[in-house]
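Next comes data-v2.txt, a file with compact mmCIF, C-alpha atoms.
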# COMPACT_ATOMS: atom_id res chain seq x y z
CA MET A 230 -36.81 28.16 27.83
CA ASN A 231 -33.18 27.22 28.51
CA VAL A 232 -32.27 28.04 24.88
CA LEU A 233 -33.98 31.42 25.04
CA ASN A 234 -32.31 32.27 28.35
CA LYS A 235 -28.86 31.50 26.97
CA LEU A 236 -29.55 33.48 23.80
CA LEU A 237 -30.83 36.46 25.80
CA ALA A 238 -27.79 36.38 28.09
CA LEU A 239 -25.46 36.34 25.09
CA PHE A 240 -27.44 39.16 23.48
CA VAL A 241 -27.09 41.37 26.56
CA LEU A 242 -23.39 40.54 26.84
CA SER A 243 -22.85 41.39 23.18
CA LEU A 244 -24.48 44.78 23.59
CA SER A 245 -21.64 45.70 25.96
CA LEU A 246 -19.32 45.59 22.94
CA ASN A 247 -20.71 48.96 21.92
CA SER A 248 -18.56 50.81 24.43
CA VAL A 249 -15.45 48.89 23.36
CA THR A 250 -15.77 49.00 19.58
CA ALA A 251 -17.03 52.56 19.18
CA VAL A 252 -13.51 53.89 19.77
CA ALA A 253 -12.23 52.18 16.64
CA GLN A 254 -14.80 53.64 14.25
CA ASP A 255 -12.62 56.62 13.29
CA SER A 256 -9.69 54.45 12.17
CA GLU A 257 -8.83 54.85 8.51
CA LEU A 258 -10.98 52.43 6.50
CA ASN A 259 -11.88 50.80 9.83
CA ASP A 260 -8.91 48.47 9.37
CA PRO A 261 -6.30 49.24 12.05
CA TRP A 262 -5.20 45.57 12.12
CA GLU A 263 -4.40 45.35 8.42
CA GLY A 264 -1.07 43.57 8.95
CA PHE A 265 -2.68 40.78 10.96
CA ASN A 266 -5.70 40.66 8.66
CA ARG A 267 -3.58 40.29 5.54
CA GLY A 268 -1.74 37.37 7.12
CA VAL A 269 -4.98 35.56 7.90
CA PHE A 270 -6.34 36.50 4.47
CA ASN A 271 -3.31 34.95 2.76
CA PHE A 272 -3.72 31.80 4.85
CA ASN A 273 -7.39 31.53 3.86
CA GLU A 274 -6.54 32.15 0.20
CA SER A 275 -3.88 29.42 0.23
CA LEU A 276 -6.28 26.97 1.84
CA ASP A 277 -8.94 27.84 -0.69
CA ARG A 278 -6.61 27.38 -3.69
CA ALA A 279 -5.22 24.09 -2.38
CA ILE A 280 -8.42 22.41 -1.16
CA LEU A 281 -11.74 24.21 -1.14
CA LYS A 282 -11.86 25.63 -4.66
CA PRO A 283 -10.81 22.36 -6.40
CA VAL A 284 -13.40 20.45 -4.34
CA ALA A 285 -16.07 23.00 -5.23
CA GLN A 286 -15.17 22.76 -8.92
CA GLY A 287 -15.40 18.97 -8.78
CA TYR A 288 -18.72 19.24 -6.98
CA ARG A 289 -20.02 21.60 -9.66
CA PHE A 290 -18.78 19.24 -12.40
CA ILE A 291 -20.42 16.04 -11.11
CA MET A 292 -23.62 17.48 -9.66
CA PRO A 293 -26.59 17.94 -12.02
CA ASP A 294 -27.89 21.49 -11.89
CA VAL A 295 -31.23 20.40 -10.43
CA ALA A 296 -29.51 18.45 -7.65
CA GLU A 297 -27.15 21.33 -6.88
CA GLN A 298 -30.10 23.70 -6.66
CA GLY A 299 -31.89 21.29 -4.34
CA VAL A 300 -28.89 21.19 -1.99
CA SER A 301 -28.70 24.99 -1.98
CA ASN A 302 -32.43 25.20 -1.27
CA PHE A 303 -32.05 22.77 1.64
CA PHE A 304 -29.40 24.88 3.36
CA ASP A 305 -31.23 28.11 2.54
CA ASN A 306 -34.26 26.69 4.33
CA LEU A 307 -32.18 26.02 7.44
CA ARG A 308 -30.79 29.54 7.16
CA ASP A 309 -34.36 30.89 7.30
CA VAL A 310 -34.61 29.46 10.82
CA VAL A 311 -31.66 31.61 11.94
CA THR A 312 -33.12 34.61 10.13
CA PHE A 313 -36.45 34.08 11.91
CA PHE A 314 -34.90 34.29 15.38
CA ASN A 315 -32.91 37.38 14.46
CA ASN A 316 -35.97 39.15 13.09
CA VAL A 317 -37.74 38.34 16.37
CA LEU A 318 -34.84 39.89 18.30
CA GLN A 319 -34.97 42.93 16.01
CA LEU A 320 -38.70 43.30 16.72
CA LYS A 321 -39.72 42.81 13.09
CA PRO A 322 -43.00 40.85 13.32
CA VAL A 323 -43.82 41.03 9.60
CA GLU A 324 -40.45 39.71 8.50
CA ALA A 325 -40.42 37.07 11.26
CA THR A 326 -43.82 35.84 10.09
CA GLN A 327 -42.50 35.62 6.54
CA ASP A 328 -39.49 33.63 7.74
CA LEU A 329 -41.61 31.20 9.72
CA SER A 330 -44.01 30.77 6.81
CA ARG A 331 -41.12 29.99 4.48
CA VAL A 332 -39.70 27.36 6.84
CA LEU A 333 -43.05 25.65 7.37
CA ILE A 334 -43.99 25.63 3.67
CA ASN A 335 -40.58 24.61 2.32
CA THR A 336 -40.06 21.96 4.98
CA THR A 337 -43.42 20.32 4.27
CA ILE A 338 -44.55 20.99 0.72
CA GLY A 339 -40.96 21.58 -0.39
CA ILE A 340 -39.88 18.14 0.87
CA GLY A 341 -37.45 19.13 3.59
CA GLY A 342 -36.50 22.33 1.84
CA LEU A 343 -35.26 20.75 -1.39
CA PHE A 344 -37.77 22.85 -3.31
CA ASP A 345 -38.31 26.57 -2.70
CA VAL A 346 -42.09 26.54 -2.84
CA ALA A 347 -42.34 29.67 -0.66
CA SER A 348 -40.59 31.84 -3.25
CA ALA A 349 -42.95 30.52 -5.91
CA MET A 350 -45.76 31.72 -3.63
CA ASP A 351 -44.14 35.20 -3.53
CA ILE A 352 -43.21 34.99 0.16
CA PRO A 353 -40.18 37.30 0.52
CA LYS A 354 -36.87 35.79 1.60
CA ASN A 355 -35.05 37.76 4.27
CA ASP A 356 -31.45 37.44 5.40
CA GLU A 357 -30.62 38.39 8.97
CA ASP A 358 -27.88 37.31 11.35
CA PHE A 359 -26.84 38.16 14.88
CA GLY A 360 -24.29 40.68 13.68
CA GLN A 361 -27.11 42.61 12.02
CA THR A 362 -29.21 42.22 15.16
CA LEU A 363 -26.47 43.79 17.26
CA GLY A 364 -26.15 46.57 14.68
CA ALA A 365 -29.89 47.17 14.80
CA TRP A 366 -29.60 47.66 18.56
CA GLY A 367 -26.83 50.21 18.19
CA VAL A 368 -23.68 48.13 18.57
CA GLU A 369 -20.90 49.59 16.41
CA SER A 370 -19.14 47.27 13.99
CA GLY A 371 -15.69 47.69 15.49
CA PRO A 372 -12.52 47.16 13.44
CA TYR A 373 -12.46 45.04 10.31
CA LEU A 374 -11.34 41.52 11.15
CA VAL A 375 -10.42 38.57 8.92
CA LEU A 376 -11.15 35.29 10.68
CA PRO A 377 -9.35 32.01 9.93
CA LEU A 378 -11.61 29.85 7.72
CA PHE A 379 -14.59 32.22 8.11
CA GLY A 380 -13.08 35.10 6.15
CA PRO A 381 -14.08 38.80 6.24
CA SER A 382 -15.82 40.04 9.36
CA THR A 383 -15.73 42.74 12.05
CA VAL A 384 -15.49 42.50 15.82
CA ARG A 385 -19.28 42.73 16.06
CA ASP A 386 -19.94 40.23 13.29
CA GLY A 387 -17.33 37.86 14.70
CA VAL A 388 -19.19 37.77 18.01
CA GLY A 389 -22.44 37.33 16.09
CA ILE A 390 -21.22 34.07 14.58
CA ILE A 391 -21.52 32.34 17.97
CA PRO A 392 -25.30 32.60 18.53
CA ASP A 393 -25.97 32.01 14.82
CA MET A 394 -24.07 28.74 15.05
CA TYR A 395 -26.01 27.88 18.20
CA LEU A 396 -29.31 28.48 16.38
CA ASP A 397 -28.29 26.51 13.28
CA PRO A 398 -30.59 23.44 13.04
CA LEU A 399 -27.60 21.38 11.86
CA ASN A 400 -26.25 21.51 15.40
CA GLN A 401 -29.32 19.63 16.56
CA VAL A 402 -28.43 16.57 14.47
CA GLU A 403 -27.49 13.86 16.97
CA SER A 404 -25.25 11.78 14.71
CA GLU A 405 -21.80 13.36 14.61
CA GLU A 406 -20.96 11.79 11.27
CA LEU A 407 -24.15 13.11 9.69
CA ARG A 408 -23.80 16.52 11.34
CA TYR A 409 -20.23 17.10 10.20
CA GLY A 410 -20.99 15.61 6.80
CA LEU A 411 -23.83 18.09 6.28
CA LYS A 412 -21.66 20.98 7.47
CA ALA A 413 -18.92 20.01 5.02
CA LEU A 414 -21.48 19.80 2.21
CA LYS A 415 -22.79 23.22 3.19
CA VAL A 416 -19.32 24.75 2.89
CA VAL A 417 -18.67 23.13 -0.49
CA ASP A 418 -22.08 24.18 -1.81
CA LYS A 419 -21.48 27.75 -0.68
CA ARG A 420 -18.04 27.83 -2.30
CA ALA A 421 -19.44 26.41 -5.53
CA SER A 422 -22.02 29.20 -5.64
CA LEU A 423 -19.19 31.76 -5.60
CA LEU A 424 -17.22 30.31 -8.52
CA ASP A 425 -19.01 32.43 -11.10
CA ARG A 426 -18.41 35.66 -9.17
CA GLU A 427 -14.64 35.53 -8.95
CA GLY A 428 -14.22 37.56 -12.14
CA VAL A 429 -15.63 40.68 -10.49
CA VAL A 430 -12.66 40.97 -8.11
CA THR A 431 -10.12 43.44 -9.50
CA GLY A 432 -6.91 44.98 -8.23
CA ASP A 433 -5.71 44.06 -4.76
CA ARG A 434 -7.96 41.17 -3.67
CA TYR A 435 -7.63 42.00 0.03
CA THR A 436 -8.68 45.62 -0.41
CA PHE A 437 -11.47 44.79 -2.85
CA ILE A 438 -13.01 42.13 -0.59
CA ARG A 439 -12.63 44.28 2.54
CA ASP A 440 -14.32 47.32 1.03
CA ALA A 441 -17.08 45.23 -0.55
CA TYR A 442 -17.76 43.45 2.74
CA LEU A 443 -17.93 46.63 4.83
CA GLN A 444 -20.25 48.33 2.34
CA LYS A 445 -22.46 45.27 2.13
CA ARG A 446 -22.73 44.99 5.91
CA GLU A 447 -23.60 48.66 6.30
CA PHE A 448 -26.32 48.21 3.70
CA GLU A 449 -27.68 45.09 5.44
CA VAL A 450 -27.61 46.47 8.99
CA ASN A 451 -29.48 49.59 7.87
CA ASP A 452 -31.98 47.55 5.82
CA GLY A 453 -30.90 49.29 2.64
CA ARG A 454 -30.93 52.79 4.11
CA VAL A 455 -27.44 54.13 3.41
CA GLU A 456 -26.44 57.32 5.16
CA TYR A 457 -24.40 59.86 3.22
CA ASN A 458 -22.81 63.22 3.78
CA ALA A 459 -24.08 65.96 1.49
CA ASP A 460 -20.58 67.49 1.47
CA ASP A 461 -19.38 64.46 -0.50
CA PHE A 462 -21.47 65.46 -3.52

As structure tokens, please, write out the structure in this file.
Amino acid sequence: MNVLNKLLALFVLSLSLNSVTAVAQDSELNDPWEGFNRGVFNFNESLDRAILKPVAQGYRFIMPDVAEQGVSNFFDNLRDVVTFFNNVLQLKPVEATQDLSRVLINTTIGIGGLFDVASAMDIPKNDEDFGQTLGAWGVESGPYLVLPLFGPSTVRDGVGIIPDMYLDPLNQVESEELRYGLKALKVVDKRASLLDREGVVTGDRYTFIRDAYLQKREFEVNDGRVEYNADDF
């Protein structure tokens, strides 16, 4: 009950962001802090080139494909726990049931999530986070914001990171060494999964990633329902 009370309190507090962030929605490209954002973006890019990307490439080189897939499945299974709670908060009983079914099946039959048995059983995989939950309840995204280490975000999505981290099962691991080791592996695995997509980025990397992120988040928050203005056609 203590966990639910804290989550509910944070949820109510986050809803108050709506009055603050709505003002910024008319800013050109929703990026009024571009100077600051580019600085953080360049810092993240330098860190990635110097450390994260080489580590991810080495990880990809030494890990057999089946083992790499198993690691990805393991972290995807933990992610389904976060998705479950967010679908509950968004009042989506069907999707929440799917999420819970996936976790139970993959954790047991899938041997701790190493095997994605639920997908083989045609149980849909959803992807929800607290930023989307706030969006579903009417909280505006606020200005675009690049976070150190975390990368592209918005004011709303930046706030949403906090409860998602709180709900992450990795934070329940008592051993600090194991907990931080798993988190580091999660970051490397995620970065390795992006290696094959780098070729799609063209032109100014900052602009490309910003526009792609904002469009993707609008699509996700609206569950694929994209609003458009008929005057644009």

Top pick for closest residue to A:Trp366, considering A:Gln286, A:Gln401, A:Gln327, A:Asn315 and counting all atoms listed in the file: A:Asn315

Nearest-residue call for A:Val346, choices A:Gln319, A:Leu333, A:Glu403, A:Asp358, using all atoms listed in the file: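 Among A:Gln319, A:Leu333, A:Glu403, A:Asp358, it is A:Leu333 that comes nearest to A:Val346.
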
Determine the nearest neighbour of A:Asn451 from the options A:Thr436, A:Asn400, A:Thr431, A:Gln361, counting all atoms listed in the file.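 Checking each candidate against A:Asn451, we get A:Gln361 as the closest.
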
Determine, counting all atoms listed in the file, which protein, DNA and RNA residues have an atom within 12 Å of an atom of A:Pro377; residues of the same chain fewer than 2 positions away are not included. Present the result as a PyMOL selection string. chain A and resi 265-277+374-375+379-382+387

Hey, can you pull every residue with an atom no more than 7 Å from (-22.3, 46.2, 15.2), using only C-alpha atoms, and send it as JSON, numbers by chain? {"A": [360, 361, 363, 364, 367, 368, 369, 370, 371, 385, 386]}

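If you measure from each of A:Asp345, A:Ile340, A:Asn355, A:Asp418 to A:Thr326 using all atoms listed in the file, the closest one turns out to be A:Asn355.
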
At most 12 Å from (-42.5, 38.6, 9.8), file frame, only C-alpha atoms: which residues, as JSON, numbers by chain? {"A": [309, 312, 313, 314, 315, 316, 317, 318, 319, 320, 321, 322, 323, 324, 325, 326, 327, 328, 329, 330, 331, 332, 352, 353, 354, 355, 356, 357]}

Would you kindly place N, CA and C atoms on stretch 395-431 of chain A and return the model as a PDB file, in the frame of the given file?
ATOM      1  N   TYR A 395     -25.210  28.540  17.172  1.00  0.00           N
ATOM      2  CA  TYR A 395     -26.010  27.880  18.200  1.00  0.00           C
ATOM      3  C   TYR A 395     -27.441  27.636  17.701  1.00  0.00           C
ATOM      4  N   LEU A 396     -27.945  28.582  16.896  1.00  0.00           N
ATOM      5  CA  LEU A 396     -29.310  28.480  16.380  1.00  0.00           C
ATOM      6  C   LEU A 396     -29.414  27.616  15.124  1.00  0.00           C
ATOM      7  N   ASP A 397     -28.292  27.299  14.510  1.00  0.00           N
ATOM      8  CA  ASP A 397     -28.290  26.510  13.280  1.00  0.00           C
ATOM      9  C   ASP A 397     -28.882  25.127  13.541  1.00  0.00           C
ATOM     10  N   PRO A 398     -29.964  24.757  12.831  1.00  0.00           N
ATOM     11  CA  PRO A 398     -30.590  23.440  13.040  1.00  0.00           C
ATOM     12  C   PRO A 398     -29.623  22.272  12.840  1.00  0.00           C
ATOM     13  N   LEU A 399     -28.556  22.468  12.065  1.00  0.00           N
ATOM     14  CA  LEU A 399     -27.600  21.380  11.860  1.00  0.00           C
ATOM     15  C   LEU A 399     -26.962  20.931  13.171  1.00  0.00           C
ATOM     16  N   ASN A 400     -26.853  21.860  14.119  1.00  0.00           N
ATOM     17  CA  ASN A 400     -26.250  21.510  15.400  1.00  0.00           C
ATOM     18  C   ASN A 400     -27.157  20.658  16.269  1.00  0.00           C
ATOM     19  N   GLN A 401     -28.391  20.478  15.826  1.00  0.00           N
ATOM     20  CA  GLN A 401     -29.320  19.630  16.560  1.00  0.00           C
ATOM     21  C   GLN A 401     -29.303  18.187  16.056  1.00  0.00           C
ATOM     22  N   VAL A 402     -28.555  17.924  15.001  1.00  0.00           N
ATOM     23  CA  VAL A 402     -28.430  16.570  14.470  1.00  0.00           C
ATOM     24  C   VAL A 402     -27.597  15.737  15.436  1.00  0.00           C
ATOM     25  N   GLU A 403     -28.152  14.644  15.928  1.00  0.00           N
ATOM     26  CA  GLU A 403     -27.490  13.860  16.970  1.00  0.00           C
ATOM     27  C   GLU A 403     -26.264  13.104  16.448  1.00  0.00           C
ATOM     28  N   SER A 404     -26.358  12.543  15.263  1.00  0.00           N
ATOM     29  CA  SER A 404     -25.250  11.780  14.710  1.00  0.00           C
ATOM     30  C   SER A 404     -24.103  12.712  14.325  1.00  0.00           C
ATOM     31  N   GLU A 405     -22.937  12.510  14.930  1.00  0.00           N
ATOM     32  CA  GLU A 405     -21.800  13.360  14.610  1.00  0.00           C
ATOM     33  C   GLU A 405     -21.371  13.221  13.160  1.00  0.00           C
ATOM     34  N   GLU A 406     -21.371  12.012  12.658  1.00  0.00           N
ATOM     35  CA  GLU A 406     -20.960  11.790  11.270  1.00  0.00           C
ATOM     36  C   GLU A 406     -21.877  12.528  10.312  1.00  0.00           C
ATOM     37  N   LEU A 407     -23.187  12.429  10.557  1.00  0.00           N
ATOM     38  CA  LEU A 407     -24.150  13.110   9.690  1.00  0.00           C
ATOM     39  C   LEU A 407     -24.037  14.611   9.851  1.00  0.00           C
ATOM     40  N   ARG A 408     -23.880  15.073  11.086  1.00  0.00           N
ATOM     41  CA  ARG A 408     -23.800  16.520  11.340  1.00  0.00           C
ATOM     42  C   ARG A 408     -22.596  17.141  10.643  1.00  0.00           C
ATOM     43  N   TYR A 409     -21.427  16.546  10.821  1.00  0.00           N
ATOM     44  CA  TYR A 409     -20.230  17.100  10.200  1.00  0.00           C
ATOM     45  C   TYR A 409     -20.232  16.898   8.689  1.00  0.00           C
ATOM     46  N   GLY A 410     -20.864  15.823   8.235  1.00  0.00           N
ATOM     47  CA  GLY A 410     -20.990  15.610   6.800  1.00  0.00           C
ATOM     48  C   GLY A 410     -21.840  16.681   6.146  1.00  0.00           C
ATOM     49  N   LEU A 411     -22.951  17.034   6.800  1.00  0.00           N
ATOM     50  CA  LEU A 411     -23.830  18.090   6.280  1.00  0.00           C
ATOM     51  C   LEU A 411     -23.141  19.453   6.318  1.00  0.00           C
ATOM     52  N   LYS A 412     -22.366  19.700   7.379  1.00  0.00           N
ATOM     53  CA  LYS A 412     -21.660  20.980   7.470  1.00  0.00           C
ATOM     54  C   LYS A 412     -20.606  21.100   6.368  1.00  0.00           C
ATOM     55  N   ALA A 413     -19.919  19.994   6.087  1.00  0.00           N
ATOM     56  CA  ALA A 413     -18.920  20.010   5.020  1.00  0.00           C
ATOM     57  C   ALA A 413     -19.593  20.248   3.667  1.00  0.00           C
ATOM     58  N   LEU A 414     -20.737  19.604   3.452  1.00  0.00           N
ATOM     59  CA  LEU A 414     -21.480  19.800   2.210  1.00  0.00           C
ATOM     60  C   LEU A 414     -21.957  21.239   2.079  1.00  0.00           C
ATOM     61  N   LYS A 415     -22.339  21.823   3.188  1.00  0.00           N
ATOM     62  CA  LYS A 415     -22.790  23.220   3.190  1.00  0.00           C
ATOM     63  C   LYS A 415     -21.670  24.156   2.745  1.00  0.00           C
ATOM     64  N   VAL A 416     -20.467  23.914   3.255  1.00  0.00           N
ATOM     65  CA  VAL A 416     -19.320  24.750   2.890  1.00  0.00           C
ATOM     66  C   VAL A 416     -18.990  24.603   1.406  1.00  0.00           C
ATOM     67  N   VAL A 417     -18.985  23.371   0.923  1.00  0.00           N
ATOM     68  CA  VAL A 417     -18.670  23.130  -0.490  1.00  0.00           C
ATOM     69  C   VAL A 417     -19.727  23.750  -1.393  1.00  0.00           C
ATOM     70  N   ASP A 418     -20.990  23.602  -1.014  1.00  0.00           N
ATOM     71  CA  ASP A 418     -22.080  24.180  -1.810  1.00  0.00           C
ATOM     72  C   ASP A 418     -21.970  25.694  -1.863  1.00  0.00           C
ATOM     73  N   LYS A 419     -21.632  26.303  -0.728  1.00  0.00           N
ATOM     74  CA  LYS A 419     -21.480  27.750  -0.680  1.00  0.00           C
ATOM     75  C   LYS A 419     -20.313  28.197  -1.560  1.00  0.00           C
ATOM     76  N   ARG A 420     -19.209  27.467  -1.487  1.00  0.00           N
ATOM     77  CA  ARG A 420     -18.040  27.830  -2.300  1.00  0.00           C
ATOM     78  C   ARG A 420     -18.335  27.672  -3.782  1.00  0.00           C
ATOM     79  N   ALA A 421     -19.086  26.632  -4.132  1.00  0.00           N
ATOM     80  CA  ALA A 421     -19.440  26.410  -5.530  1.00  0.00           C
ATOM     81  C   ALA A 421     -20.302  27.555  -6.065  1.00  0.00           C
ATOM     82  N   SER A 422     -21.145  28.107  -5.213  1.00  0.00           N
ATOM     83  CA  SER A 422     -22.020  29.200  -5.640  1.00  0.00           C
ATOM     84  C   SER A 422     -21.243  30.478  -5.917  1.00  0.00           C
ATOM     85  N   LEU A 423     -20.001  30.563  -5.409  1.00  0.00           N
ATOM     86  CA  LEU A 423     -19.190  31.760  -5.600  1.00  0.00           C
ATOM     87  C   LEU A 423     -18.246  31.668  -6.788  1.00  0.00           C
ATOM     88  N   LEU A 424     -18.173  30.499  -7.417  1.00  0.00           N
ATOM     89  CA  LEU A 424     -17.220  30.310  -8.520  1.00  0.00           C
ATOM     90  C   LEU A 424     -17.455  31.298  -9.658  1.00  0.00           C
ATOM     91  N   ASP A 425     -18.711  31.560  -9.964  1.00  0.00           N
ATOM     92  CA  ASP A 425     -19.010  32.430 -11.100  1.00  0.00           C
ATOM     93  C   ASP A 425     -18.795  33.910 -10.801  1.00  0.00           C
ATOM     94  N   ARG A 426     -18.552  34.247  -9.534  1.00  0.00           N
ATOM     95  CA  ARG A 426     -18.410  35.660  -9.170  1.00  0.00           C
ATOM     96  C   ARG A 426     -16.959  36.101  -9.041  1.00  0.00           C
ATOM     97  N   GLU A 427     -16.026  35.194  -9.191  1.00  0.00           N
ATOM     98  CA  GLU A 427     -14.640  35.530  -8.950  1.00  0.00           C
ATOM     99  C   GLU A 427     -14.106  36.561  -9.944  1.00  0.00           C
ATOM    100  N   GLY A 428     -14.694  36.624 -11.120  1.00  0.00           N
ATOM    101  CA  GLY A 428     -14.220  37.560 -12.140  1.00  0.00           C
ATOM    102  C   GLY A 428     -14.455  39.013 -11.796  1.00  0.00           C
ATOM    103  N   VAL A 429     -15.337  39.288 -10.820  1.00  0.00           N
ATOM    104  CA  VAL A 429     -15.630  40.680 -10.490  1.00  0.00           C
ATOM    105  C   VAL A 429     -14.564  41.293  -9.592  1.00  0.00           C
ATOM    106  N   VAL A 430     -13.716  40.459  -8.997  1.00  0.00           N
ATOM    107  CA  VAL A 430     -12.660  40.970  -8.110  1.00  0.00           C
ATOM    108  C   VAL A 430     -11.514  41.526  -8.940  1.00  0.00           C
ATOM    109  N   THR A 431     -11.190  42.789  -8.741  1.00  0.00           N
ATOM    110  CA  THR A 431     -10.120  43.440  -9.500  1.00  0.00           C
ATOM    111  C   THR A 431      -9.126  44.087  -8.550  1.00  0.00           C
TER     112      THR A 431
END
